[in-house]
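Listing of target.tsv, TSV, C-alpha atoms
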chain	number	residue	atom	x	y	z
A	1	MET	CA	-4.86	-38.50	-8.17
A	2	ASN	CA	-6.29	-35.39	-9.89
A	3	LYS	CA	-3.88	-32.63	-10.83
A	4	PRO	CA	-4.58	-29.31	-9.09
A	5	GLU	CA	-6.56	-26.92	-11.27
A	6	LYS	CA	-4.54	-24.25	-13.07
A	7	PHE	CA	-5.92	-20.71	-12.91
A	8	ARG	CA	-4.67	-17.88	-15.13
A	9	ILE	CA	-5.09	-14.49	-13.51
A	10	LEU	CA	-4.64	-11.09	-15.15
A	11	VAL	CA	-3.29	-8.50	-12.67
A	12	ILE	CA	-3.62	-4.73	-13.22
A	13	ASN	CA	-1.80	-2.13	-11.13
A	14	PRO	CA	-2.28	1.49	-12.27
A	15	GLY	CA	0.28	4.07	-11.12
A	16	SER	CA	0.59	7.78	-11.77
A	17	THR	CA	2.71	7.42	-14.94
A	18	SER	CA	2.40	3.71	-15.77
A	19	THR	CA	0.09	0.72	-15.74
A	20	LYS	CA	1.66	-2.59	-14.72
A	21	ILE	CA	0.06	-5.79	-15.94
A	22	ALA	CA	0.96	-9.43	-15.36
A	23	ILE	CA	-0.37	-12.92	-15.93
A	24	PHE	CA	-0.07	-15.49	-13.15
A	25	GLU	CA	-0.62	-19.21	-13.52
A	26	ASN	CA	-1.59	-20.03	-9.96
A	27	GLU	CA	1.33	-18.64	-7.84
A	28	ASN	CA	3.74	-18.21	-10.76
A	29	GLU	CA	4.14	-15.10	-12.90
A	30	VAL	CA	4.39	-16.06	-16.58
A	31	PHE	CA	4.10	-12.63	-18.21
A	32	SER	CA	4.57	-9.03	-17.16
A	33	ARG	CA	4.69	-5.66	-18.81
A	34	THR	CA	4.87	-2.03	-17.70
A	35	ILE	CA	2.95	0.34	-19.95
A	36	ASN	CA	4.46	3.80	-19.48
A	37	HIS	CA	2.36	6.94	-19.92
A	38	SER	CA	4.10	10.18	-20.87
A	39	LYS	CA	3.09	13.52	-19.42
A	40	LEU	CA	1.96	14.55	-22.91
A	41	GLU	CA	-0.36	11.51	-23.17
A	42	LEU	CA	-1.98	12.19	-19.79
A	43	GLU	CA	-2.26	15.97	-20.19
A	44	PRO	CA	-5.69	15.95	-21.92
A	45	PHE	CA	-7.32	14.20	-18.93
A	46	ALA	CA	-8.64	16.59	-16.28
A	47	ARG	CA	-8.99	13.80	-13.70
A	48	VAL	CA	-7.34	10.42	-13.15
A	49	TRP	CA	-10.75	8.79	-13.64
A	50	ASP	CA	-10.93	10.20	-17.17
A	51	GLN	CA	-7.98	7.99	-18.14
A	52	TYR	CA	-10.06	4.80	-17.92
A	53	GLU	CA	-10.75	4.20	-21.63
A	54	PHE	CA	-7.21	5.24	-22.58
A	55	ARG	CA	-5.57	2.80	-20.15
A	56	LYS	CA	-8.03	0.00	-20.88
A	57	ARG	CA	-7.26	0.19	-24.60
A	58	LEU	CA	-3.50	0.03	-23.96
A	59	ILE	CA	-3.90	-3.00	-21.66
A	60	LYS	CA	-5.92	-4.91	-24.25
A	61	GLU	CA	-3.42	-4.00	-26.99
A	62	ALA	CA	-0.54	-5.25	-24.81
A	63	LEU	CA	-2.34	-8.55	-24.24
A	64	GLU	CA	-3.03	-8.91	-27.95
A	65	ASP	CA	0.63	-8.17	-28.79
A	66	ALA	CA	1.66	-10.89	-26.34
A	67	LYS	CA	-0.85	-13.27	-27.98
A	68	ILE	CA	-2.67	-13.84	-24.69
A	69	LYS	CA	-6.13	-15.18	-25.51
A	70	PRO	CA	-9.00	-13.89	-23.34
A	71	GLU	CA	-10.59	-17.33	-23.18
A	72	THR	CA	-7.52	-18.67	-21.32
A	73	LEU	CA	-8.01	-16.26	-18.41
A	74	SER	CA	-9.83	-17.27	-15.23
A	75	SER	CA	-10.17	-13.83	-13.62
A	76	VAL	CA	-8.82	-10.29	-13.52
A	77	VAL	CA	-7.74	-8.48	-10.35
A	78	GLY	CA	-6.97	-4.79	-9.94
A	79	ARG	CA	-5.25	-2.74	-7.29
A	80	GLY	CA	-7.72	-1.36	-4.74
A	81	GLY	CA	-8.30	2.37	-4.43
A	82	LEU	CA	-9.17	4.92	-1.75
A	83	PHE	CA	-12.61	3.51	-1.08
A	84	ARG	CA	-14.94	3.28	1.92
A	85	PRO	CA	-13.52	1.68	5.07
A	86	VAL	CA	-13.69	-2.11	4.65
A	87	VAL	CA	-12.50	-5.28	6.31
A	88	SER	CA	-9.46	-6.99	4.79
A	89	GLY	CA	-9.99	-9.48	1.99
A	90	THR	CA	-10.71	-10.05	-1.71
A	91	TYR	CA	-13.74	-8.18	-3.10
A	92	ARG	CA	-15.76	-8.65	-6.25
A	93	VAL	CA	-15.92	-5.35	-8.11
A	94	ASN	CA	-19.45	-3.93	-8.01
A	95	GLU	CA	-21.30	-0.76	-8.99
A	96	GLN	CA	-20.89	0.89	-5.59
A	97	MET	CA	-17.11	0.42	-5.74
A	98	ILE	CA	-16.94	1.90	-9.24
A	99	GLU	CA	-19.14	4.83	-8.19
A	100	ASP	CA	-16.90	5.52	-5.18
A	101	GLY	CA	-13.85	5.46	-7.45
A	102	ARG	CA	-15.52	7.84	-9.90
A	103	ASN	CA	-16.41	10.24	-7.10
A	104	ALA	CA	-12.94	9.92	-5.49
A	105	TYR	CA	-14.58	8.92	-2.20
A	106	GLY	CA	-11.27	8.85	-0.30
A	107	GLY	CA	-9.38	11.24	-2.58
A	108	GLU	CA	-7.92	11.31	-6.08
A	109	HIS	CA	-5.38	8.55	-6.71
A	110	PRO	CA	-4.36	6.40	-9.71
A	111	SER	CA	-5.22	3.26	-7.70
A	112	ASN	CA	-8.90	4.27	-7.97
A	113	LEU	CA	-8.69	3.06	-11.59
A	114	GLY	CA	-7.74	-0.50	-10.60
A	115	ALA	CA	-11.28	-1.64	-9.88
A	116	VAL	CA	-12.93	-0.13	-12.95
A	117	LEU	CA	-10.17	-1.39	-15.28
A	118	ALA	CA	-10.58	-4.89	-13.83
A	119	PHE	CA	-14.35	-4.66	-14.19
A	120	GLY	CA	-14.23	-3.32	-17.77
A	121	ILE	CA	-11.82	-5.97	-18.99
A	122	GLY	CA	-13.62	-8.66	-16.98
A	123	TRP	CA	-16.88	-7.64	-18.65
A	124	ASP	CA	-15.33	-7.78	-22.12
A	125	TYR	CA	-13.65	-11.15	-21.46
A	126	HIS	CA	-16.55	-12.68	-19.47
A	127	ILE	CA	-14.44	-13.38	-16.38
A	128	PRO	CA	-14.89	-12.31	-12.73
A	129	SER	CA	-13.15	-9.14	-11.51
A	130	PHE	CA	-11.68	-8.53	-8.05
A	131	ILE	CA	-9.64	-6.16	-5.92
A	132	VAL	CA	-7.59	-7.17	-2.84
A	133	ASP	CA	-6.90	-5.31	0.42
A	134	PRO	CA	-7.36	-1.69	-0.69
A	135	PRO	CA	-5.57	1.08	1.30
A	136	SER	CA	-8.89	1.82	3.07
A	137	VAL	CA	-8.88	-1.52	4.94
A	138	ASP	CA	-10.13	-0.55	8.42
A	139	GLU	CA	-9.94	-2.97	11.33
A	140	PHE	CA	-9.05	-0.38	13.97
A	141	GLN	CA	-10.05	-0.98	17.55
A	142	PRO	CA	-12.41	1.82	18.67
A	143	ILE	CA	-9.85	3.40	21.02
A	144	ALA	CA	-7.49	3.98	18.08
A	145	ARG	CA	-9.98	6.24	16.28
A	146	TYR	CA	-9.68	9.15	18.72
A	147	SER	CA	-7.38	11.99	17.72
A	148	GLY	CA	-7.89	14.78	20.26
A	149	LEU	CA	-10.57	16.65	18.28
A	150	PRO	CA	-13.92	15.02	17.43
A	151	GLU	CA	-13.91	16.80	14.06
A	152	PHE	CA	-10.83	14.82	13.03
A	153	PRO	CA	-11.08	11.11	13.90
A	154	ARG	CA	-8.03	9.02	13.06
A	155	ARG	CA	-8.52	7.23	9.75
A	156	SER	CA	-7.18	3.87	8.70
A	157	LEU	CA	-5.16	4.47	5.52
A	158	PHE	CA	-2.08	2.31	5.09
A	159	HIS	CA	-0.29	0.01	2.65
A	160	ALA	CA	-2.78	-2.75	3.37
A	161	LEU	CA	-1.96	-4.94	0.37
A	162	ASN	CA	1.75	-5.36	1.17
A	163	VAL	CA	1.28	-5.27	4.96
A	164	LYS	CA	-1.23	-8.13	4.86
A	165	ALA	CA	0.70	-10.15	2.26
A	166	THR	CA	3.95	-9.84	4.23
A	167	ALA	CA	2.16	-10.70	7.48
A	168	ARG	CA	1.01	-13.96	5.87
A	169	LEU	CA	4.60	-14.71	4.81
A	170	ALA	CA	5.88	-14.03	8.32
A	171	ALA	CA	3.20	-16.24	9.88
A	172	SER	CA	4.15	-19.06	7.50
A	173	ASP	CA	7.85	-18.69	8.38
A	174	LEU	CA	6.94	-18.72	12.08
A	175	LYS	CA	4.92	-21.89	11.38
A	176	LYS	CA	1.80	-20.31	12.82
A	177	LYS	CA	-1.57	-19.19	11.54
A	178	LEU	CA	-1.88	-15.42	11.22
A	179	SER	CA	-4.89	-15.60	13.53
A	180	GLN	CA	-2.66	-17.06	16.26
A	181	ILE	CA	0.03	-14.37	16.45
A	182	ASN	CA	0.66	-10.66	16.97
A	183	LEU	CA	2.92	-8.75	14.59
A	184	ILE	CA	4.18	-5.25	13.98
A	185	VAL	CA	4.56	-4.82	10.21
A	186	ALA	CA	6.49	-1.81	8.94
A	187	HIS	CA	6.07	-1.06	5.22
A	188	LEU	CA	9.01	1.22	4.44
A	189	GLY	CA	8.99	2.93	1.06
A	190	GLY	CA	8.19	6.36	-0.39
A	191	GLY	CA	5.32	6.20	2.08
A	192	ILE	CA	5.60	4.46	5.44
A	193	SER	CA	2.92	2.39	7.19
A	194	ILE	CA	3.54	0.80	10.57
A	195	ALA	CA	0.73	-1.51	11.63
A	196	ALA	CA	-0.11	-3.44	14.80
A	197	ILE	CA	-1.65	-6.78	13.83
A	198	LEU	CA	-3.55	-8.57	16.58
A	199	GLN	CA	-4.44	-12.12	15.55
A	200	GLY	CA	-4.76	-11.16	11.89
A	201	LYS	CA	-6.44	-7.74	12.25
A	202	VAL	CA	-4.75	-4.37	11.94
A	203	ILE	CA	-5.94	-2.71	15.14
A	204	ASP	CA	-3.83	0.44	14.73
A	205	ALA	CA	-1.54	2.07	12.15
A	206	ASN	CA	-0.32	5.52	11.24
A	207	ASN	CA	-2.04	7.22	8.31
A	208	ALA	CA	0.56	6.72	5.58
A	209	LEU	CA	-0.21	10.09	3.97
A	210	ASP	CA	-0.22	12.49	6.89
A	211	SER	CA	1.14	11.00	10.11
A	212	GLY	CA	3.88	8.89	11.58
A	213	PRO	CA	7.59	9.16	10.70
A	214	PHE	CA	8.79	11.36	7.88
A	215	THR	CA	9.61	9.36	4.77
A	216	PRO	CA	11.68	9.82	1.61
A	217	GLU	CA	9.00	12.22	0.30
A	218	ARG	CA	6.34	12.77	3.02
A	219	ALA	CA	6.51	15.07	6.02
A	220	GLY	CA	4.73	12.75	8.49
A	221	SER	CA	3.50	14.16	11.81
A	222	LEU	CA	4.33	17.85	12.29
A	223	PRO	CA	4.18	20.46	15.10
A	224	THR	CA	0.52	21.55	14.89
A	225	PHE	CA	0.75	25.25	15.81
A	226	GLU	CA	3.62	25.95	13.41
A	227	LEU	CA	1.80	24.12	10.60
A	228	VAL	CA	-1.43	26.09	11.17
A	229	GLN	CA	0.41	29.43	11.28
A	230	TRP	CA	2.18	28.59	8.01
A	231	CYS	CA	-1.09	27.59	6.34
A	232	PHE	CA	-2.72	30.91	7.33
A	233	SER	CA	0.34	33.05	6.59
A	234	GLY	CA	-0.94	34.01	3.14
A	235	ARG	CA	2.33	32.82	1.61
A	236	VAL	CA	1.08	29.41	0.46
A	237	SER	CA	-2.01	28.01	-1.26
A	238	LEU	CA	-3.84	24.83	-0.25
A	239	ASP	CA	-2.31	22.95	-3.19
A	240	GLN	CA	1.18	24.13	-2.24
A	241	VAL	CA	0.68	22.94	1.32
A	242	LYS	CA	-0.53	19.51	0.20
A	243	LYS	CA	2.38	19.15	-2.22
A	244	ARG	CA	4.87	20.13	0.47
A	245	LEU	CA	3.46	17.58	2.90
A	246	VAL	CA	3.18	14.70	0.40
A	247	GLY	CA	5.76	14.72	-2.37
A	248	GLU	CA	8.15	17.45	-1.23
A	249	GLY	CA	8.51	16.50	2.44
A	250	GLY	CA	10.89	14.21	4.31
A	251	LEU	CA	14.24	13.50	2.64
A	252	VAL	CA	13.23	15.66	-0.33
A	253	ALA	CA	12.76	18.70	1.94
A	254	TYR	CA	16.03	18.19	3.80
A	255	LEU	CA	18.31	16.75	1.12
A	256	ASN	CA	16.55	17.40	-2.20
A	257	THR	CA	16.27	13.70	-3.08
A	258	ASN	CA	13.77	10.91	-2.37
A	259	SER	CA	16.38	8.23	-3.05
A	260	ALA	CA	17.67	6.39	0.01
A	261	LYS	CA	20.52	5.07	-2.14
A	262	GLU	CA	21.53	8.63	-2.99
A	263	VAL	CA	21.40	9.64	0.69
A	264	GLU	CA	23.55	6.66	1.69
A	265	LYS	CA	26.00	7.64	-1.03
A	266	MET	CA	26.14	11.13	0.51
A	267	ILE	CA	26.82	9.58	3.91
A	268	HIS	CA	29.57	7.39	2.46
A	269	GLN	CA	31.16	10.54	1.02
A	270	GLY	CA	31.25	12.13	4.47
A	271	ASN	CA	28.10	14.32	4.34
A	272	GLN	CA	27.32	14.66	8.06
A	273	GLU	CA	24.02	16.49	7.53
A	274	ALA	CA	22.76	13.65	5.32
A	275	GLN	CA	23.63	11.16	8.05
A	276	LYS	CA	21.82	13.21	10.71
A	277	VAL	CA	18.65	13.44	8.59
A	278	TYR	CA	18.71	9.76	7.58
A	279	ASP	CA	19.30	8.64	11.15
A	280	ALA	CA	16.43	10.88	12.29
A	281	MET	CA	14.08	9.17	9.83
A	282	ILE	CA	15.18	5.75	11.10
A	283	TYR	CA	14.73	6.95	14.70
A	284	GLN	CA	11.17	8.12	13.96
A	285	ILE	CA	10.38	4.77	12.33
A	286	ALA	CA	11.67	3.00	15.43
A	287	CYS	CA	9.57	5.20	17.73
A	288	GLU	CA	6.46	4.42	15.67
A	289	ILE	CA	7.21	0.71	15.95
A	290	GLY	CA	7.38	1.26	19.71
A	291	ASN	CA	3.92	2.86	19.61
A	292	ARG	CA	2.54	-0.23	17.91
A	293	ALA	CA	4.13	-2.43	20.58
A	294	VAL	CA	2.05	-0.53	23.15
A	295	ALA	CA	-1.09	-1.17	21.07
A	296	LEU	CA	-0.29	-4.90	21.38
A	297	LYS	CA	0.45	-4.55	25.14
A	298	GLY	CA	3.99	-5.77	24.53
A	299	LYS	CA	2.86	-9.17	23.22
A	300	VAL	CA	4.74	-9.13	19.92
A	301	ASP	CA	5.71	-12.36	18.15
A	302	ALA	CA	7.81	-10.54	15.55
A	303	ILE	CA	8.58	-7.14	14.06
A	304	VAL	CA	8.35	-7.45	10.27
A	305	LEU	CA	10.19	-5.03	7.98
A	306	THR	CA	9.23	-4.80	4.31
A	307	GLY	CA	9.20	-2.31	1.41
A	308	GLY	CA	11.88	-0.78	-0.79
A	309	LEU	CA	13.86	0.85	2.02
A	310	THR	CA	14.58	-2.56	3.57
A	311	HIS	CA	17.08	-3.26	0.79
A	312	SER	CA	19.33	-0.96	2.83
A	313	VAL	CA	21.55	-2.91	5.23
A	314	TYR	CA	22.38	0.37	7.01
A	315	LEU	CA	18.72	1.15	7.70
A	316	VAL	CA	17.81	-2.39	8.75
A	317	GLU	CA	20.76	-2.71	11.14
A	318	LYS	CA	20.05	0.69	12.72
A	319	LEU	CA	16.40	-0.29	13.20
A	320	LYS	CA	17.40	-3.57	14.81
A	321	GLU	CA	19.55	-1.60	17.28
A	322	TRP	CA	16.54	0.52	18.25
A	323	VAL	CA	13.74	-2.08	18.36
A	324	GLY	CA	15.43	-5.47	18.66
A	325	PHE	CA	14.72	-5.55	22.39
A	326	LEU	CA	10.96	-5.70	21.68
A	327	SER	CA	10.95	-8.90	19.63
A	328	LYS	CA	12.71	-10.80	16.86
A	329	VAL	CA	13.00	-8.84	13.61
A	330	LEU	CA	12.10	-10.47	10.28
A	331	VAL	CA	13.04	-8.74	7.02
A	332	TYR	CA	11.31	-9.18	3.64
A	333	PRO	CA	13.03	-6.70	1.30
A	334	GLY	CA	10.97	-4.91	-1.33
A	335	GLU	CA	7.36	-5.59	-2.08
A	336	ASP	CA	5.45	-7.65	-4.63
A	337	GLU	CA	2.06	-6.03	-5.14
A	338	MET	CA	1.39	-7.96	-8.34
A	339	LYS	CA	1.82	-11.35	-6.67
A	340	ALA	CA	-0.16	-10.21	-3.61
A	341	LEU	CA	-3.06	-9.27	-5.90
A	342	ALA	CA	-2.84	-12.56	-7.80
A	343	LEU	CA	-2.77	-14.61	-4.59
A	344	GLY	CA	-5.84	-12.77	-3.27
A	345	ALA	CA	-7.80	-13.75	-6.39
A	346	LEU	CA	-6.34	-17.26	-6.31
A	347	ARG	CA	-7.57	-17.88	-2.76
A	348	VAL	CA	-11.11	-17.14	-3.94
A	349	LEU	CA	-10.84	-19.18	-7.14
A	350	ARG	CA	-9.62	-22.17	-5.12
A	351	GLY	CA	-12.43	-21.81	-2.61
A	352	GLU	CA	-10.01	-21.14	0.26
A	353	GLU	CA	-11.67	-17.79	0.91
A	354	LYS	CA	-15.05	-16.28	0.02
A	355	ALA	CA	-15.12	-13.13	-2.08
A	356	LYS	CA	-16.49	-10.23	-0.05
A	357	THR	CA	-19.21	-7.81	-1.15
A	358	TYR	CA	-18.20	-4.16	-1.08
A	359	PRO	CA	-18.48	-2.35	1.28
A	360	GLU	CA	-18.04	-4.82	4.13
A	361	MET	CA	-16.97	-3.21	7.40
A	362	VAL	CA	-15.39	-5.02	10.34
A	363	GLU	CA	-17.64	-5.28	13.38
A	364	GLU	CA	-16.42	-3.25	16.33
A	365	LYS	CA	-16.41	-4.93	19.72
Re-express the file's structure as structure tokens.
Amino acid sequence: MNKPEKFRILVINPGSTSTKIAIFENENEVFSRTINHSKLELEPFARVWDQYEFRKRLIKEALEDAKIKPETLSSVVGRGGLFRPVVSGTYRVNEQMIEDGRNAYGGEHPSNLGAVLAFGIGWDYHIPSFIVDPPSVDEFQPIARYSGLPEFPRRSLFHALNVKATARLAASDLKKKLSQINLIVAHLGGGISIAAILQGKVIDANNALDSGPFTPERAGSLPTFELVQWCFSGRVSLDQVKKRLVGEGGLVAYLNTNSAKEVEKMIHQGNQEAQKVYDAMIYQIACEIGNRAVALKGKVDAIVLTGGLTHSVYLVEKLKEWVGFLSKVLVYPGEDEMKALALGALRVLRGEEKAKTYPEMVEEK
């Protein structure tokens, strides 16, 4: 009997102040490193995109230091960026994707570098380059796109990589195919995405940047009139507004910290205001889960909780109290973006899935 083929996959995940890299041999991580970037190092670059050559050089140096030979690698996979709306899957990096990243099609974000870094290193090492489930995955049902004003359709922008990877885990644990079940997956971290998954497709989700529950550092949905009046008050600039909504909102605005651990410490020390705020965030998460249950017409096989916040027993138990009547609750603490990226590439290398050509949009029915 032939031994299964061993694939070595380089994974690249650029963040705002670091670039994470890892090597996977099939499903197993055999090397990882976080390359930190100081504020002083990044200061000369006017845009995130301008950091490409700088980060690429550091990645190759890290691989050389670890004595990882390019010829041993089967492929390279990068984190997906804020690209055009696409169907879920693994994509070969192409010129259109790189151009959209350069032009910040969906906005400026460090993840936009994932594709071009994968492509550049793939080109140098003569191996294929991929991305997997970028945040712009869009499988919304048409009814979910309406907002109330035609000028502002609802956009699909959520933690697609971890939501989809965790959904696959949940389906496996339920001993079902993902295409056979309905799930509500709540990614709970610095940003929060709560997605309704109907037979494998995310038919509705809150925009993780500007809607849904407030989070450790994001304001979530806000009273519209008060927000508009504040924006036109003359007291704040556009940049100040954006920073307040994403980065200085949520727990940061109320309690001056984005750390759930710190907030729970405050609660343990008897801080009643901290408990009220934290419980309010949990309540809003629960209400958003309820919204997704409506999108699935109540036919929910499981509610799946994932992301950094799910390390909190307090938060998980409170959520179960609120939403446990809807369905069983499965918990997968933390997230593993590096493994999710590697597995996406591995499915293609093994022939279990075909690589998609960017941009591929889901067909609306």
How close does each residue of stretch 202-229 of chain A get to stretch 79-100 of chain A, giving the shortest atom pair and distance in Å to one decimal for every residue with an atom at most 12 Å away, counting all atoms listed in the file, sorted by chain and residue number, as a Markdown table?
| residue | atom | partner | partner_atom | distance |
| --- | --- | --- | --- | --- |
| A:Val202 | CA | A:Ser88 | CA | 9.0 |
| A:Ile203 | CA | A:Val87 | CA | 11.3 |
| A:Leu209 | CA | A:Leu82 | CA | 11.8 |
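Residues in contact with stretch 31-44 of chain A at up to 7 Å, not including ones fewer than 4 positions away on its chain and judged by only C-alpha atoms, are Thr17, Ser18, Thr19, Lys20, Ile21, Ala22 and Ile23 of chain A.
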| field | Given all atoms listed in the file as the counted atoms, nearest of A:Thr224, A:Thr310, A:Gln272, A:Gln284 to A:Trp322 | value | A:Gln284
| Gap from atom CA of A:Thr72 to atom CA of A:Leu346 - Å, one decimal |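 Atom-to-atom, atom CA of A:Thr72 and atom CA of A:Leu346 are spaced 15.1 Å apart.
One finds atom CA of A:Asn256 at 20.2 Å from atom CA of A:Ile285.
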| field | All residues 12 Å or closer to A:Ile197, all atoms listed in the file, same chain fewer than 2 positions away omitted, as a VMD selection string | value | chain A and resid 88 138 to 141 160 163 to 164 166 to 168 170 to 171 178 to 186 194 to 195 199 to 205 289 292 to 297 299 to 304
Put those residues in a file: C-alpha atoms, as a PDB file, in the coordinates of the input.
ATOM      1  CA  SER A  88      -9.460  -6.990   4.790  1.00  0.00           C
ATOM      2  CA  ASP A 138     -10.130  -0.550   8.420  1.00  0.00           C
ATOM      3  CA  GLU A 139      -9.940  -2.970  11.330  1.00  0.00           C
ATOM      4  CA  PHE A 140      -9.050  -0.380  13.970  1.00  0.00           C
ATOM      5  CA  GLN A 141     -10.050  -0.980  17.550  1.00  0.00           C
ATOM      6  CA  ALA A 160      -2.780  -2.750   3.370  1.00  0.00           C
ATOM      7  CA  VAL A 163       1.280  -5.270   4.960  1.00  0.00           C
ATOM      8  CA  LYS A 164      -1.230  -8.130   4.860  1.00  0.00           C
ATOM      9  CA  THR A 166       3.950  -9.840   4.230  1.00  0.00           C
ATOM     10  CA  ALA A 167       2.160 -10.700   7.480  1.00  0.00           C
ATOM     11  CA  ARG A 168       1.010 -13.960   5.870  1.00  0.00           C
ATOM     12  CA  ALA A 170       5.880 -14.030   8.320  1.00  0.00           C
ATOM     13  CA  ALA A 171       3.200 -16.240   9.880  1.00  0.00           C
ATOM     14  CA  LEU A 178      -1.880 -15.420  11.220  1.00  0.00           C
ATOM     15  CA  SER A 179      -4.890 -15.600  13.530  1.00  0.00           C
ATOM     16  CA  GLN A 180      -2.660 -17.060  16.260  1.00  0.00           C
ATOM     17  CA  ILE A 181       0.030 -14.370  16.450  1.00  0.00           C
ATOM     18  CA  ASN A 182       0.660 -10.660  16.970  1.00  0.00           C
ATOM     19  CA  LEU A 183       2.920  -8.750  14.590  1.00  0.00           C
ATOM     20  CA  ILE A 184       4.180  -5.250  13.980  1.00  0.00           C
ATOM     21  CA  VAL A 185       4.560  -4.820  10.210  1.00  0.00           C
ATOM     22  CA  ALA A 186       6.490  -1.810   8.940  1.00  0.00           C
ATOM     23  CA  ILE A 194       3.540   0.800  10.570  1.00  0.00           C
ATOM     24  CA  ALA A 195       0.730  -1.510  11.630  1.00  0.00           C
ATOM     25  CA  GLN A 199      -4.440 -12.120  15.550  1.00  0.00           C
ATOM     26  CA  GLY A 200      -4.760 -11.160  11.890  1.00  0.00           C
ATOM     27  CA  LYS A 201      -6.440  -7.740  12.250  1.00  0.00           C
ATOM     28  CA  VAL A 202      -4.750  -4.370  11.940  1.00  0.00           C
ATOM     29  CA  ILE A 203      -5.940  -2.710  15.140  1.00  0.00           C
ATOM     30  CA  ASP A 204      -3.830   0.440  14.730  1.00  0.00           C
ATOM     31  CA  ALA A 205      -1.540   2.070  12.150  1.00  0.00           C
ATOM     32  CA  ILE A 289       7.210   0.710  15.950  1.00  0.00           C
ATOM     33  CA  ARG A 292       2.540  -0.230  17.910  1.00  0.00           C
ATOM     34  CA  ALA A 293       4.130  -2.430  20.580  1.00  0.00           C
ATOM     35  CA  VAL A 294       2.050  -0.530  23.150  1.00  0.00           C
ATOM     36  CA  ALA A 295      -1.090  -1.170  21.070  1.00  0.00           C
ATOM     37  CA  LEU A 296      -0.290  -4.900  21.380  1.00  0.00           C
ATOM     38  CA  LYS A 297       0.450  -4.550  25.140  1.00  0.00           C
ATOM     39  CA  LYS A 299       2.860  -9.170  23.220  1.00  0.00           C
ATOM     40  CA  VAL A 300       4.740  -9.130  19.920  1.00  0.00           C
ATOM     41  CA  ASP A 301       5.710 -12.360  18.150  1.00  0.00           C
ATOM     42  CA  ALA A 302       7.810 -10.540  15.550  1.00  0.00           C
ATOM     43  CA  ILE A 303       8.580  -7.140  14.060  1.00  0.00           C
ATOM     44  CA  VAL A 304       8.350  -7.450  10.270  1.00  0.00           C
TER      45      VAL A 304
END
| Sel. within 10 Å of pt (-3.4, -23.1, -13.3), counting only C-alpha atoms, output as number ranges by chain | A: 3-9, 24-28, 73-74, 346
| request: Please identify all polymer residues within 10 Å of A:Leu251, counting all atoms listed in the file, omitting same-chain residues fewer than 3 positions from it, and present them as an MDAnalysis selection string. | output: chainID A and resid 190 214:219 247:248 254:260 263 274 277:278 281
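Atom CA of A:Gly191 lies 5.9 Å from atom CA of A:Ala208.
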| Restricting the calculation to only C-alpha atoms, which member of A:Val228, A:Ala196, A:Ile121, A:Val252 is positioned closest to A:Ile12? |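 Looking only at the distances to A:Ile12, the closest residue turns out to be A:Ile121.
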| Any idea what's packed within 7 Å of stretch 50-60 of chain A, counting only C-alpha atoms, ignoring anything in its chain fewer than 5 positions away? Could you give it as an MDAnalysis selection string? | chainID A and resid 45 113 117
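Closest approach to A:Val30 among A:Ile192, A:Val11, A:Ala115, A:Val48: A:Val11, based on all atoms listed in the file.
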| query | Taking all atoms listed in the file into account, which of A:Glu317, A:Glu64, A:Glu360, A:Glu288 comes nearest A:His187? | reply | A:Glu288
| said: When you count only C-alpha atoms, which of these residues is closest to A:Pro359: A:Leu330, A:Val137, A:Leu157, A:Gln275? | reply: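 Comparing A:Leu330, A:Val137, A:Leu157, A:Gln275 against A:Pro359, the winner is A:Val137.
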